[in-house]
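Enquirer: Sharing run.csv here; it has CSV, C-alpha atoms and all ligand atoms.
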chain,number,residue,atom,x,y,z
W,1,MET,CA,0.0,0.0,0.0
W,2,PRO,CA,1.4,3.4,-0.8
W,3,ILE,CA,2.4,6.0,1.7
W,4,ILE,CA,-0.1,9.0,1.6
W,5,ALA,CA,1.3,12.5,2.0
W,6,PRO,CA,-1.4,15.2,2.0
W,7,SER,CA,-0.1,18.5,0.8
W,8,ILE,CA,-0.9,21.3,3.3
W,9,LEU,CA,-0.7,23.9,0.4
W,10,ALA,CA,-4.4,23.1,-0.2
W,11,ALA,CA,-5.5,23.3,3.4
W,12,ASP,CA,-7.5,26.1,5.1
W,13,PHE,CA,-4.8,28.4,6.4
W,14,GLY,CA,-7.5,30.2,8.4
W,15,ASN,CA,-8.1,27.1,10.4
W,16,LEU,CA,-5.0,25.0,9.9
W,17,ALA,CA,-5.3,23.2,13.3
W,18,LYS,CA,-8.5,21.6,12.1
W,19,ASP,CA,-6.9,20.2,8.9
W,20,ILE,CA,-3.9,19.0,10.9
W,21,GLU,CA,-6.2,17.2,13.2
W,22,MET,CA,-8.0,15.6,10.2
W,23,ILE,CA,-4.7,14.3,8.9
W,24,ASN,CA,-3.7,13.1,12.4
W,25,ASN,CA,-6.9,11.0,12.5
W,26,SER,CA,-6.5,9.7,9.0
W,27,GLU,CA,-4.6,6.8,7.3
W,28,ALA,CA,-2.0,9.3,5.9
W,29,GLU,CA,1.5,8.7,7.2
W,30,TRP,CA,3.2,11.9,6.2
W,31,PHE,CA,2.6,15.7,6.0
W,32,HIS,CA,3.9,17.1,2.6
W,33,LEU,CA,5.1,20.7,3.2
W,34,ASP,CA,5.7,22.8,0.1
W,35,VAL,CA,8.2,25.7,0.6
W,36,MET,CA,8.3,28.1,-2.3
W,37,ASP,CA,10.6,31.2,-2.6
W,38,GLY,CA,9.2,33.2,-5.5
W,39,VAL,CA,12.5,32.7,-7.4
W,40,PHE,CA,12.9,29.0,-8.2
W,41,VAL,CA,9.1,28.9,-8.7
W,42,PRO,CA,6.8,31.9,-9.5
W,43,ASN,CA,4.9,31.6,-6.2
W,44,ILE,CA,5.6,32.1,-2.5
W,45,SER,CA,4.0,29.7,0.0
W,46,TYR,CA,5.1,29.5,3.7
W,47,GLY,CA,8.3,28.7,5.6
W,48,MET,CA,9.8,27.7,9.0
W,49,PRO,CA,7.2,29.1,11.5
W,50,ILE,CA,4.3,27.1,9.9
W,51,ILE,CA,6.4,23.9,9.8
W,52,GLU,CA,7.4,24.4,13.4
W,53,LYS,CA,3.8,24.7,14.5
W,54,ILE,CA,2.7,21.7,12.5
W,55,ASN,CA,5.6,19.7,14.1
W,56,ALA,CA,4.2,20.7,17.5
W,57,LEU,CA,0.8,19.4,16.6
W,58,THR,CA,1.6,16.0,15.1
W,59,ASP,CA,3.8,12.9,15.5
W,60,LYS,CA,3.6,12.0,11.8
W,61,VAL,CA,6.6,12.3,9.4
W,62,LEU,CA,7.2,15.8,8.0
W,63,ASP,CA,8.1,15.6,4.4
W,64,VAL,CA,9.5,19.0,3.3
W,65,HIS,CA,9.6,19.8,-0.4
W,66,LEU,CA,11.9,22.8,-1.0
W,67,MET,CA,11.2,24.8,-4.1
W,68,ILE,CA,14.0,27.3,-3.4
W,69,VAL,CA,17.3,28.4,-4.9
W,70,ASP,CA,20.5,27.5,-3.1
W,71,PRO,CA,18.8,25.3,-0.4
W,72,ASP,CA,22.1,24.6,1.4
W,73,ARG,CA,21.6,27.9,3.3
W,74,TYR,CA,18.7,26.4,5.2
W,75,ILE,CA,19.4,22.7,5.8
W,76,SER,CA,20.1,23.0,9.5
W,77,THR,CA,17.1,25.4,10.1
W,78,PHE,CA,14.7,22.9,8.5
W,79,LYS,CA,16.1,20.2,10.8
W,80,GLN,CA,15.5,22.5,13.8
W,81,VAL,CA,11.9,23.1,12.9
W,82,GLY,CA,11.1,19.4,12.6
W,83,ALA,CA,11.7,18.2,9.0
W,84,ASP,CA,12.2,14.4,8.8
W,85,ILE,CA,12.7,14.2,5.1
W,86,LEU,CA,14.2,17.2,3.2
W,87,THR,CA,13.8,17.2,-0.6
W,88,VAL,CA,15.7,19.7,-2.8
W,89,HIS,CA,15.3,20.2,-6.5
W,90,TYR,CA,18.0,18.8,-8.8
W,91,GLU,CA,17.6,22.0,-10.9
W,92,ALA,CA,18.3,24.3,-7.9
W,93,CYS,CA,21.6,22.6,-6.8
W,94,THR,CA,25.1,23.2,-8.3
W,95,HIS,CA,26.8,20.7,-6.0
W,96,LEU,CA,24.0,18.1,-5.5
W,97,HIS,CA,26.2,15.4,-4.0
W,98,ARG,CA,27.4,17.8,-1.3
W,99,THR,CA,23.8,19.0,-0.6
W,100,ILE,CA,22.6,15.4,-0.2
W,101,GLN,CA,25.5,14.6,2.3
W,102,ALA,CA,24.7,17.8,4.3
W,103,ILE,CA,21.1,16.8,4.7
W,104,LYS,CA,22.0,13.3,5.9
W,105,ALA,CA,24.7,14.7,8.3
W,106,GLU,CA,21.8,16.6,10.0
W,107,GLY,CA,20.0,13.3,10.6
W,108,MET,CA,17.3,13.8,8.0
W,109,LYS,CA,16.4,11.6,5.0
W,110,ALA,CA,17.6,13.1,1.7
W,111,GLY,CA,15.3,13.5,-1.3
W,112,VAL,CA,15.8,15.0,-4.7
W,113,ALA,CA,12.9,16.3,-6.8
W,114,LEU,CA,12.9,16.4,-10.6
W,115,ASN,CA,10.9,18.8,-12.7
W,116,PRO,CA,8.8,17.3,-15.5
W,117,HIS,CA,11.4,18.0,-18.2
W,118,THR,CA,14.4,16.6,-16.2
W,119,PRO,CA,15.3,13.0,-17.1
W,120,VAL,CA,15.8,10.5,-14.3
W,121,SER,CA,19.2,9.6,-15.8
W,122,VAL,CA,20.7,12.8,-14.1
W,123,LEU,CA,20.5,10.9,-10.8
W,124,GLU,CA,22.4,7.8,-11.9
W,125,GLU,CA,25.6,8.8,-10.0
W,126,VAL,CA,23.9,9.6,-6.7
W,127,ILE,CA,21.1,7.1,-6.7
W,128,ASN,CA,22.8,5.0,-3.9
W,129,ASP,CA,23.2,8.1,-1.7
W,130,LEU,CA,19.5,9.0,-1.8
W,131,ASP,CA,16.5,8.1,0.4
W,132,LEU,CA,13.8,9.4,-1.9
W,133,VAL,CA,13.2,10.7,-5.4
W,134,LEU,CA,10.3,13.1,-5.9
W,135,ILE,CA,8.9,12.9,-9.4
W,136,MET,CA,7.0,16.1,-10.2
W,137,SER,CA,3.9,15.3,-12.2
W,138,VAL,CA,3.2,19.0,-12.7
W,139,ASN,CA,5.5,22.0,-13.1
W,140,PRO,CA,6.2,23.1,-9.5
W,141,GLY,CA,4.7,26.3,-8.0
W,142,PHE,CA,1.0,25.8,-7.7
W,143,GLY,CA,-1.5,23.3,-6.4
W,144,GLY,CA,-4.5,22.2,-8.5
W,145,GLN,CA,-2.8,21.6,-11.8
W,146,LYS,CA,-3.4,18.9,-14.4
W,147,PHE,CA,-1.4,15.7,-14.0
W,148,ILE,CA,1.2,15.1,-16.8
W,149,GLU,CA,0.7,11.7,-18.4
W,150,ASN,CA,4.4,11.1,-19.2
W,151,THR,CA,4.9,10.6,-15.4
W,152,TYR,CA,4.1,6.9,-15.7
W,153,ASN,CA,6.9,6.4,-18.2
W,154,LYS,CA,9.3,8.3,-16.0
W,155,ILE,CA,8.5,6.4,-12.8
W,156,SER,CA,9.0,3.1,-14.7
W,157,LYS,CA,12.5,4.3,-15.8
W,158,LEU,CA,13.4,5.4,-12.3
W,159,LYS,CA,12.2,2.0,-10.9
W,160,LYS,CA,14.4,0.2,-13.3
W,161,MET,CA,17.4,2.4,-12.4
W,162,ILE,CA,16.9,1.8,-8.6
W,163,THR,CA,16.6,-2.0,-9.1
W,164,THR,CA,19.7,-2.1,-11.3
W,165,ALA,CA,21.7,-0.1,-8.7
W,166,ASN,CA,20.3,-2.3,-5.9
W,167,ALA,CA,19.4,1.0,-4.2
W,168,ASN,CA,16.9,1.5,-1.4
W,169,VAL,CA,15.0,4.6,-2.5
W,170,ILE,CA,11.4,5.7,-2.1
W,171,ILE,CA,9.7,6.9,-5.3
W,172,GLU,CA,7.3,9.8,-4.4
W,173,VAL,CA,5.0,11.5,-7.0
W,174,ASP,CA,3.6,15.0,-6.6
W,175,GLY,CA,1.1,17.0,-8.6
W,176,GLY,CA,-2.4,16.4,-9.8
W,177,VAL,CA,-2.6,13.0,-8.0
W,178,ASN,CA,-6.1,11.7,-7.4
W,179,ASN,CA,-8.2,8.6,-6.9
W,180,ILE,CA,-8.3,8.1,-10.7
W,181,ASN,CA,-4.5,8.0,-11.5
W,182,ALA,CA,-3.3,6.6,-8.1
W,183,SER,CA,-3.6,2.9,-8.9
W,184,LYS,CA,-1.7,3.2,-12.1
W,185,LEU,CA,1.0,5.2,-10.3
W,186,VAL,CA,1.5,2.5,-7.7
W,187,GLU,CA,1.4,-0.2,-10.4
W,188,VAL,CA,4.4,1.4,-12.3
W,189,GLY,CA,6.4,1.9,-9.1
W,190,ALA,CA,5.3,4.8,-6.9
W,191,ASP,CA,5.8,4.2,-3.2
W,192,ALA,CA,4.4,7.5,-1.9
W,193,LEU,CA,1.6,9.7,-3.2
W,194,VAL,CA,1.3,13.4,-2.5
W,195,ALA,CA,-2.1,14.9,-3.0
W,196,GLY,CA,-3.4,18.4,-2.1
W,197,SER,CA,-6.5,19.7,-3.9
W,198,ALA,CA,-7.9,16.2,-4.5
W,199,ILE,CA,-7.9,15.6,-0.7
W,200,PHE,CA,-8.9,19.0,0.6
W,201,ASN,CA,-11.6,19.6,-2.0
W,202,ALA,CA,-13.2,16.2,-1.3
W,203,GLU,CA,-16.5,16.1,0.5
W,204,ASN,CA,-14.9,13.8,3.0
W,205,PRO,CA,-11.1,14.2,3.1
W,206,THR,CA,-10.5,11.4,5.6
W,207,SER,CA,-12.3,8.8,3.4
W,208,TYR,CA,-10.6,10.2,0.3
W,209,ILE,CA,-7.2,9.5,2.0
W,210,SER,CA,-8.4,5.9,2.7
W,211,GLU,CA,-9.4,5.6,-1.0
W,212,LEU,CA,-5.9,6.7,-2.1
W,213,LYS,CA,-4.4,4.3,0.4
W,214,LYS,CA,-6.2,1.3,-1.2
W,215,ALA,CA,-4.7,2.3,-4.7
D,1,LIG,O1,4.7,20.7,-4.9
D,1,LIG,C1,3.6,21.0,-5.2
D,1,LIG,C2,3.4,22.2,-6.1
D,1,LIG,O2,4.6,22.6,-6.6
D,1,LIG,C3,2.4,20.4,-4.4
D,1,LIG,O3,2.9,19.5,-3.5
D,1,LIG,C4,1.4,19.8,-5.4
D,1,LIG,O4,1.1,20.6,-6.4
D,1,LIG,C5,0.3,19.2,-4.7
D,1,LIG,O5,-0.9,19.9,-5.0
D,1,LIG,P1,-2.0,19.2,-6.0
D,1,LIG,O6,-2.3,17.8,-5.4
D,1,LIG,O7,-3.2,20.1,-5.8
D,1,LIG,O8,-1.5,19.2,-7.4
D,2,CO,CO,5.2,19.3,-3.3
Since I need it in another form, could you write the structure as structure tokens?

Expert:
Amino acid sequence: MPIIAPSILAADFGNLAKDIEMINNSEAEWFHLDVMDGVFVPNISYGMPIIEKINALTDKVLDVHLMIVDPDRYISTFKQVGADILTVHYEACTHLHRTIQAIKAEGMKAGVALNPHTPVSVLEEVINDLDLVLIMSVNPGFGGQKFIENTYNKISKLKKMITTANANVIIEVDGGVNNINASKLVEVGADALVAGSAIFNAENPTSYISELKKA
């Protein structure tokens, strides 16, 4: 069964505690937290204070997705506010190997995200150093976008690369995930599903999470 990671980007920021409680009482294992800087992506979301508050209100895993330039500047700060998994974008890192080691040195799991146009082959030389690869199934920056169909093909290629390298890496998929595409994503190799608008726009978000879990 896949790990479910609801994206807080689609939650009600006027009543965040209520949505945190909903996730706490659901079958979701992770909180997916999208940090955007208005430079790497054309949008600004939220940062450390929100993550720190969420950490105080849950025992679940905090899966932090950094959509920021030069993420090395903030690695230790994200550890301090409670990140368990820290994912940086391949496209935002000049010295990716060094960044991955710095995340692990802080005691967090290290993830790398790939934009839709970036081939999985760029990770060949670091695949054994990684804990997670985040395949973006939309162009990062906004919730509620349409799922890009080529994602299935990309996940299959990544799965093959991981098997060949005998690596132990979680494949996570993010963007436009819903109860229609979830099963096929798991079938081709996804281990963790991020969903924002599909969950929070559902009539019953808790049951929607359970539906995704059965994918
Ligand atoms: O990283 C992201 C956007 O850059 C979000 O995690 C993602 O878009 C989730 O939202 P939705 O499920 O509504 O597409
Ligand atoms: Co995300």

Enquirer: I'd like the interatomic distance between CA of Met67 in chain W and CA of Thr164 in chain W, to a tenth of an Å.

Expert: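 About the pair CA of Met67 in chain W and CA of Thr164 in chain W: they are 29.1 Å apart.
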
Enquirer: Counting all atoms listed in the file, name the residues that have an atom within 7 Å of an atom of ligand CO 2 (chain D); the answer should be given as a PyMOL selection string.

Expert: chain W and resi 7+32-34+65+174

Enquirer: Quick one: residues within 9 Å of Gly189 in chain W, only C-alpha atoms counted, chain neighbours fewer than 2 positions away excluded, as a ChimeraX atom specification?

Expert: /W:152,155-156,158-159,171,184-187,191

Enquirer: Please provide the set of residues having any atom within 6 Å of range 130-147 of chain W, restricted to all atoms listed in the file, with same-chain residues fewer than 2 positions apart removed, written as JSON, numbers by chain.

Expert: {"W": [41, 43, 109, 110, 111, 112, 113, 114, 115, 116, 127, 128, 151, 169, 170, 171, 172, 173, 174, 175, 176, 197]}

Enquirer: Using all atoms listed in the file, pick whichever of W:Thr77, W:Asn179, W:Asn153, W:Asn55 has the shortest atom-to-atom distance to Ser210 in chain W.

Expert: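 When distances to Ser210 in chain W are compared using all atoms listed in the file, the smallest one comes from W:Asn179.
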
Enquirer: Go ahead and compute the interatomic distance for CA of Val81 in chain W and CA of Ile20 in chain W, in Å to one decimal.

Expert: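 Computing it gives 16.4 Å between the two atoms.
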
Enquirer: Name all residues at most 12 Å from range 46-48 of chain W (count all atoms listed in the file; drop same-chain ones fewer than 4 positions away) and give them as a PyMOL selection string.

Expert: chain W and resi 8-9+13+33-38+52-55+64-68+74-83

Enquirer: What does the distance from CA of Val39 in chain W to CA of His97 in chain W come to in Å, to one decimal?

Expert: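 CA of His97 in chain W lies 22.3 Å from CA of Val39 in chain W.
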